[in-house]
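Accompanying notes for the structure given below.
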Amino acid sequence: HADVGMSQVSFKDTVRDRVIDGYVLYPSDNTNPVQKYGENIAFYGFDASLDGALSKKNLPLFILAHGTSGNWKNLSWLATSLAKQGMVVTTNHPDYTTGQATPATIIKPWNQVKDVSFILNEMLSGRYGKHIDKEKVFAIGYSLGGYSAMALAGATMDLSNLVEFCNSHSDRSCTYFKPAFDTVDQTSIAESRKSLFDHRIKAAVAIAPGYTESMSRESLAKST
């Protein structure tokens, strides 16, 4: 049998009109048939039992956030390792995921951060809540998701910093974002400066985070 159980989830945020689909992984001693998930040309994939029994309580919760054009599978190598000792949520983030991401959506990244806080709301209030240790809630993100992890810990960005940075640099990220710079207005700049700190998240791990050139040093110094 698999050490990891996996169940499909769909979180519907009616306020922001977003549906966030993905999976919850967790430790399981269930004897349901084991299947291979997430296997492709780059990754071996992982073994899990679909809807395997979840009997343990007081589990740490890890919320994973993918990068630009990524999806729930991208951090599965990490998710399955963590799921042997805790509960893991890995999802697709609308407008940022595979087949949906564009410079115009990625340049406004705060919805992924808000997704994570909404997912946490749903996890704590739903059927998984009784299994979660609220004092052990963690966010882990890669690239765009790395920005989200840092924002949840208190870091703030400023889109005008990105535009200014790209006026004097021509790296690949600036080349990618350039077509969307005409969408950066005072409204989006003001939105980018808002704090999205979530006090319920006790630690955040940012893997190769994006937008670091746009973050304020003051907010980084204060981040948990």
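To be explicit about the labels: the chains of the structure tokens are called A, B, and onward in the order shown, and within each one the residues are counted from 1, while ligands get numbers from 1 in the order they are shown.
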Kindly assemble as a tab-separated table a list of the stretch 171-212 of chain A residues that lie within 9 Å of stretch 95-119 of chain A, each paired with its nearest atom pair and their distance in Å to one decimal, using only C-alpha atoms, sorted first by chain and then by ascending residue number.
residue	atom	partner	partner_atom	distance
A:Tyr176	CA	A:Pro103	CA	6.5
A:Phe177	CA	A:Pro103	CA	5.3
A:Lys178	CA	A:Pro103	CA	8.0
A:Pro179	CA	A:Pro103	CA	7.0
A:Ala180	CA	A:Ala104	CA	5.0
A:Phe181	CA	A:Ala104	CA	8.1
A:Thr183	CA	A:Ala104	CA	7.1
A:Val184	CA	A:Ile107	CA	8.3
A:Ser188	CA	A:Lys108	CA	7.4
A:Glu191	CA	A:Trp110	CA	8.1
A:Ser192	CA	A:Trp110	CA	7.0
A:Leu196	CA	A:Val113	CA	7.1
A:Asp198	CA	A:Ser117	CA	7.0
A:Arg200	CA	A:Ser117	CA	8.9
A:Ile201	CA	A:Ser117	CA	8.9
Selected residues written out, all heavy atoms, as a short mmCIF file (atom, residue, chain, number, x, y, z; two decimals), in the first residue's frame:
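Just written: part09.cif:
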data_model
loop_
_atom_site.label_atom_id
_atom_site.label_comp_id
_atom_site.auth_asym_id
_atom_site.auth_seq_id
_atom_site.Cartn_x
_atom_site.Cartn_y
_atom_site.Cartn_z
N TYR A 176 9.90 39.26 -20.91
CA TYR A 176 8.59 38.61 -20.78
C TYR A 176 7.51 39.63 -20.41
O TYR A 176 6.41 39.65 -20.99
CB TYR A 176 8.67 37.51 -19.72
CG TYR A 176 7.35 36.83 -19.42
CD1 TYR A 176 6.85 35.83 -20.25
CD2 TYR A 176 6.61 37.19 -18.29
CE1 TYR A 176 5.64 35.20 -19.97
CE2 TYR A 176 5.40 36.57 -18.01
CZ TYR A 176 4.92 35.58 -18.85
OH TYR A 176 3.73 34.96 -18.57
N PHE A 177 7.80 40.49 -19.44
CA PHE A 177 6.80 41.41 -18.93
C PHE A 177 6.57 42.65 -19.80
O PHE A 177 5.52 43.30 -19.69
CB PHE A 177 7.18 41.87 -17.52
CG PHE A 177 6.90 40.87 -16.45
CD1 PHE A 177 7.91 40.42 -15.61
CD2 PHE A 177 5.62 40.36 -16.27
CE1 PHE A 177 7.65 39.50 -14.61
CE2 PHE A 177 5.35 39.43 -15.28
CZ PHE A 177 6.36 38.99 -14.45
N LYS A 178 7.52 42.98 -20.65
CA LYS A 178 7.44 44.23 -21.40
C LYS A 178 6.10 44.46 -22.10
O LYS A 178 5.55 45.57 -22.07
CB LYS A 178 8.59 44.32 -22.40
CG LYS A 178 8.72 45.68 -23.06
CD LYS A 178 9.96 45.76 -23.95
CE LYS A 178 10.08 47.14 -24.58
NZ LYS A 178 11.31 47.24 -25.43
N PRO A 179 5.51 43.42 -22.76
CA PRO A 179 4.22 43.65 -23.44
C PRO A 179 3.10 44.06 -22.49
O PRO A 179 2.08 44.60 -22.94
CB PRO A 179 3.92 42.30 -24.09
CG PRO A 179 5.24 41.61 -24.18
CD PRO A 179 6.01 42.06 -23.00
N ALA A 180 3.27 43.79 -21.18
CA ALA A 180 2.20 44.07 -20.22
C ALA A 180 2.40 45.37 -19.46
O ALA A 180 1.55 45.75 -18.64
CB ALA A 180 2.07 42.91 -19.23
N PHE A 181 3.49 46.07 -19.71
CA PHE A 181 3.77 47.28 -18.94
C PHE A 181 2.71 48.36 -19.16
O PHE A 181 2.49 49.20 -18.28
CB PHE A 181 5.16 47.83 -19.26
CG PHE A 181 6.28 47.10 -18.57
CD1 PHE A 181 7.57 47.18 -19.05
CD2 PHE A 181 6.04 46.35 -17.44
CE1 PHE A 181 8.61 46.51 -18.40
CE2 PHE A 181 7.06 45.67 -16.79
CZ PHE A 181 8.36 45.75 -17.27
N THR A 183 -0.32 47.93 -19.05
CA THR A 183 -1.45 47.65 -18.16
C THR A 183 -1.17 48.10 -16.73
O THR A 183 -2.06 48.04 -15.88
CB THR A 183 -1.79 46.15 -18.14
OG1 THR A 183 -0.74 45.42 -17.49
CG2 THR A 183 -1.98 45.61 -19.55
N VAL A 184 0.05 48.51 -16.46
CA VAL A 184 0.42 48.96 -15.12
C VAL A 184 -0.04 50.41 -14.95
O VAL A 184 0.49 51.32 -15.57
CB VAL A 184 1.94 48.85 -14.88
CG1 VAL A 184 2.30 49.40 -13.51
CG2 VAL A 184 2.39 47.40 -15.01
N SER A 188 -3.32 49.44 -10.26
CA SER A 188 -2.57 48.20 -10.06
C SER A 188 -1.34 48.44 -9.18
O SER A 188 -0.97 47.56 -8.39
CB SER A 188 -2.16 47.59 -11.40
OG SER A 188 -1.39 48.48 -12.16
N GLU A 191 -2.61 48.47 -5.70
CA GLU A 191 -2.94 47.10 -5.29
C GLU A 191 -1.68 46.31 -4.96
O GLU A 191 -1.65 45.54 -3.98
CB GLU A 191 -3.71 46.40 -6.42
CG GLU A 191 -4.25 45.03 -6.07
CD GLU A 191 -5.42 45.07 -5.10
OE1 GLU A 191 -6.11 46.10 -5.05
OE2 GLU A 191 -5.64 44.07 -4.40
N SER A 192 -0.63 46.51 -5.72
CA SER A 192 0.61 45.76 -5.50
C SER A 192 1.27 46.11 -4.17
O SER A 192 2.01 45.30 -3.61
CB SER A 192 1.60 46.01 -6.64
OG SER A 192 2.15 47.32 -6.58
N LEU A 196 -0.34 41.59 2.24
CA LEU A 196 -1.15 40.38 2.20
C LEU A 196 -0.68 39.40 3.28
O LEU A 196 -0.90 38.20 3.19
CB LEU A 196 -1.06 39.74 0.81
CG LEU A 196 -1.65 40.60 -0.32
CD1 LEU A 196 -1.34 39.98 -1.68
CD2 LEU A 196 -3.14 40.78 -0.15
N ASP A 198 -0.46 37.07 6.28
CA ASP A 198 -1.44 36.17 6.90
C ASP A 198 -0.82 35.61 8.18
O ASP A 198 0.09 34.78 8.13
CB ASP A 198 -1.81 35.03 5.94
CG ASP A 198 -3.02 34.24 6.40
OD1 ASP A 198 -3.17 34.04 7.62
OD2 ASP A 198 -3.81 33.81 5.54
N ARG A 200 -1.75 33.56 10.26
CA ARG A 200 -1.97 32.14 10.55
C ARG A 200 -0.84 31.27 10.01
O ARG A 200 -0.66 30.13 10.45
CB ARG A 200 -3.30 31.69 9.97
CG ARG A 200 -4.50 32.44 10.53
CD ARG A 200 -5.76 32.12 9.73
NE ARG A 200 -5.62 32.53 8.33
CZ ARG A 200 -6.52 32.27 7.39
NH1 ARG A 200 -7.63 31.60 7.71
NH2 ARG A 200 -6.34 32.67 6.14
N ILE A 201 -0.11 31.80 9.03
CA ILE A 201 0.99 31.05 8.44
C ILE A 201 2.25 31.29 9.28
O ILE A 201 2.73 32.41 9.39
CB ILE A 201 1.19 31.45 6.98
CG1 ILE A 201 -0.04 30.98 6.17
CG2 ILE A 201 2.47 30.86 6.40
CD1 ILE A 201 -0.06 31.42 4.74
#
Mind dumping a table of every stretch 147-195 of chain A residue within 10 Å of stretch 58-82 of chain A, with the nearest atom pair and its distance in Å to one decimal, using only C-alpha atoms, sorted by chain and rising number, as JSON lines?
{"residue": "A:Tyr147", "atom": "CA", "partner": "A:Gly67", "partner_atom": "CA", "distance": 9.2}
{"residue": "A:Ser148", "atom": "CA", "partner": "A:Ala65", "partner_atom": "CA", "distance": 7.3}
{"residue": "A:Ala149", "atom": "CA", "partner": "A:Ala65", "partner_atom": "CA", "distance": 7.7}
Can you list, as a PyMOL selection string, all residues belonging to stretch 98-214 of chain A that DSSP tags as helix (DSSP H, G or I)? chain A and resi 103-106+110-125+129-131+144-152+159-168+172-183+186-193+212-214
8 Å contact set for stretch 161-167 of chain A, only C-alpha atoms, chain neighbours under 6 positions out, as a PyMOL selection string: chain A and resi 174+181+211+213-215
Could you please take those selected residues and save N, CA, C and O atoms as an mmCIF file, in the first residue's frame?
data_model
loop_
_atom_site.group_PDB
_atom_site.id
_atom_site.type_symbol
_atom_site.label_atom_id
_atom_site.label_comp_id
_atom_site.auth_asym_id
_atom_site.auth_seq_id
_atom_site.Cartn_x
_atom_site.Cartn_y
_atom_site.Cartn_z
ATOM 1 N N CYS A 174 12.278 40.678 -17.750
ATOM 2 C CA CYS A 174 11.866 41.981 -18.281
ATOM 3 C C CYS A 174 11.351 41.843 -19.714
ATOM 4 O O CYS A 174 10.368 42.485 -20.099
ATOM 5 N N PHE A 181 3.493 46.069 -19.709
ATOM 6 C CA PHE A 181 3.767 47.284 -18.939
ATOM 7 C C PHE A 181 2.709 48.362 -19.157
ATOM 8 O O PHE A 181 2.486 49.199 -18.281
ATOM 9 N N TYR A 211 9.969 38.531 -8.430
ATOM 10 C CA TYR A 211 9.645 39.888 -7.988
ATOM 11 C C TYR A 211 10.532 40.424 -6.872
ATOM 12 O O TYR A 211 10.196 41.441 -6.262
ATOM 13 N N GLU A 213 13.225 42.043 -7.028
ATOM 14 C CA GLU A 213 13.722 43.383 -7.327
ATOM 15 C C GLU A 213 12.655 44.451 -7.077
ATOM 16 O O GLU A 213 12.961 45.645 -7.039
ATOM 17 N N SER A 214 11.406 44.014 -6.873
ATOM 18 C CA SER A 214 10.306 44.958 -6.675
ATOM 19 C C SER A 214 9.878 45.081 -5.219
ATOM 20 O O SER A 214 9.021 45.901 -4.895
ATOM 21 N N MET A 215 10.455 44.278 -4.341
ATOM 22 C CA MET A 215 10.029 44.262 -2.941
ATOM 23 C C MET A 215 10.706 45.372 -2.144
ATOM 24 O O MET A 215 11.848 45.739 -2.405
#
A:Thr91 surroundings by only C-alpha atoms, 7 Å radius, close-in-sequence under 2 positions cut, as an MDAnalysis selection string: chainID A and resid 20:23 71:72 89 93
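Residues within 9 Å of A:His199, counting only C-alpha atoms and excluding same-chain residues fewer than 3 positions away, are Leu152, Ala153, Gly154 and Lys202 of chain A.
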Keeping only N, CA and C atoms, write the selected residues as an mmCIF file, in the first residue's frame.
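selection14.cif, freshly written:
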data_model
loop_
_atom_site.group_PDB
_atom_site.id
_atom_site.type_symbol
_atom_site.label_atom_id
_atom_site.label_comp_id
_atom_site.auth_asym_id
_atom_site.auth_seq_id
_atom_site.Cartn_x
_atom_site.Cartn_y
_atom_site.Cartn_z
ATOM 1 N N LEU A 152 2.910 36.402 1.924
ATOM 2 C CA LEU A 152 2.150 35.879 3.059
ATOM 3 C C LEU A 152 2.900 36.080 4.373
ATOM 4 N N ALA A 153 4.227 36.161 4.280
ATOM 5 C CA ALA A 153 5.052 36.392 5.463
ATOM 6 C C ALA A 153 5.225 37.881 5.756
ATOM 7 N N GLY A 154 4.686 38.737 4.888
ATOM 8 C CA GLY A 154 4.728 40.172 5.159
ATOM 9 C C GLY A 154 5.465 41.034 4.162
ATOM 10 N N LYS A 202 2.765 30.223 9.862
ATOM 11 C CA LYS A 202 3.824 30.351 10.853
ATOM 12 C C LYS A 202 5.213 30.444 10.243
#
Residue neighbourhood A:Pro209, 8 Å, only C-alpha atoms, exclusion window fewer than 6 positions, as a list in words: Gly141, Tyr142, Ser143, Leu144, Gly145, Gly146 and Tyr147 of chain A
Return the single residue from A:Lys12, A:His169, A:Lys136, A:Arg127 that is closest to A:Gln85, with distances computed using only C-alpha atoms.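 The shortest atom-to-atom distance to A:Gln85 comes from A:Lys136.
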Separation of atom CA of A:Glu122 from atom CA of A:Arg18 in Å: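 Separation between atom CA of A:Arg18 and atom CA of A:Glu122: 13.5 Å.
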In Å, with one decimal, what is the gap from atom CA of A:Leu220 to atom CA of A:Asp158? 12.7 Å
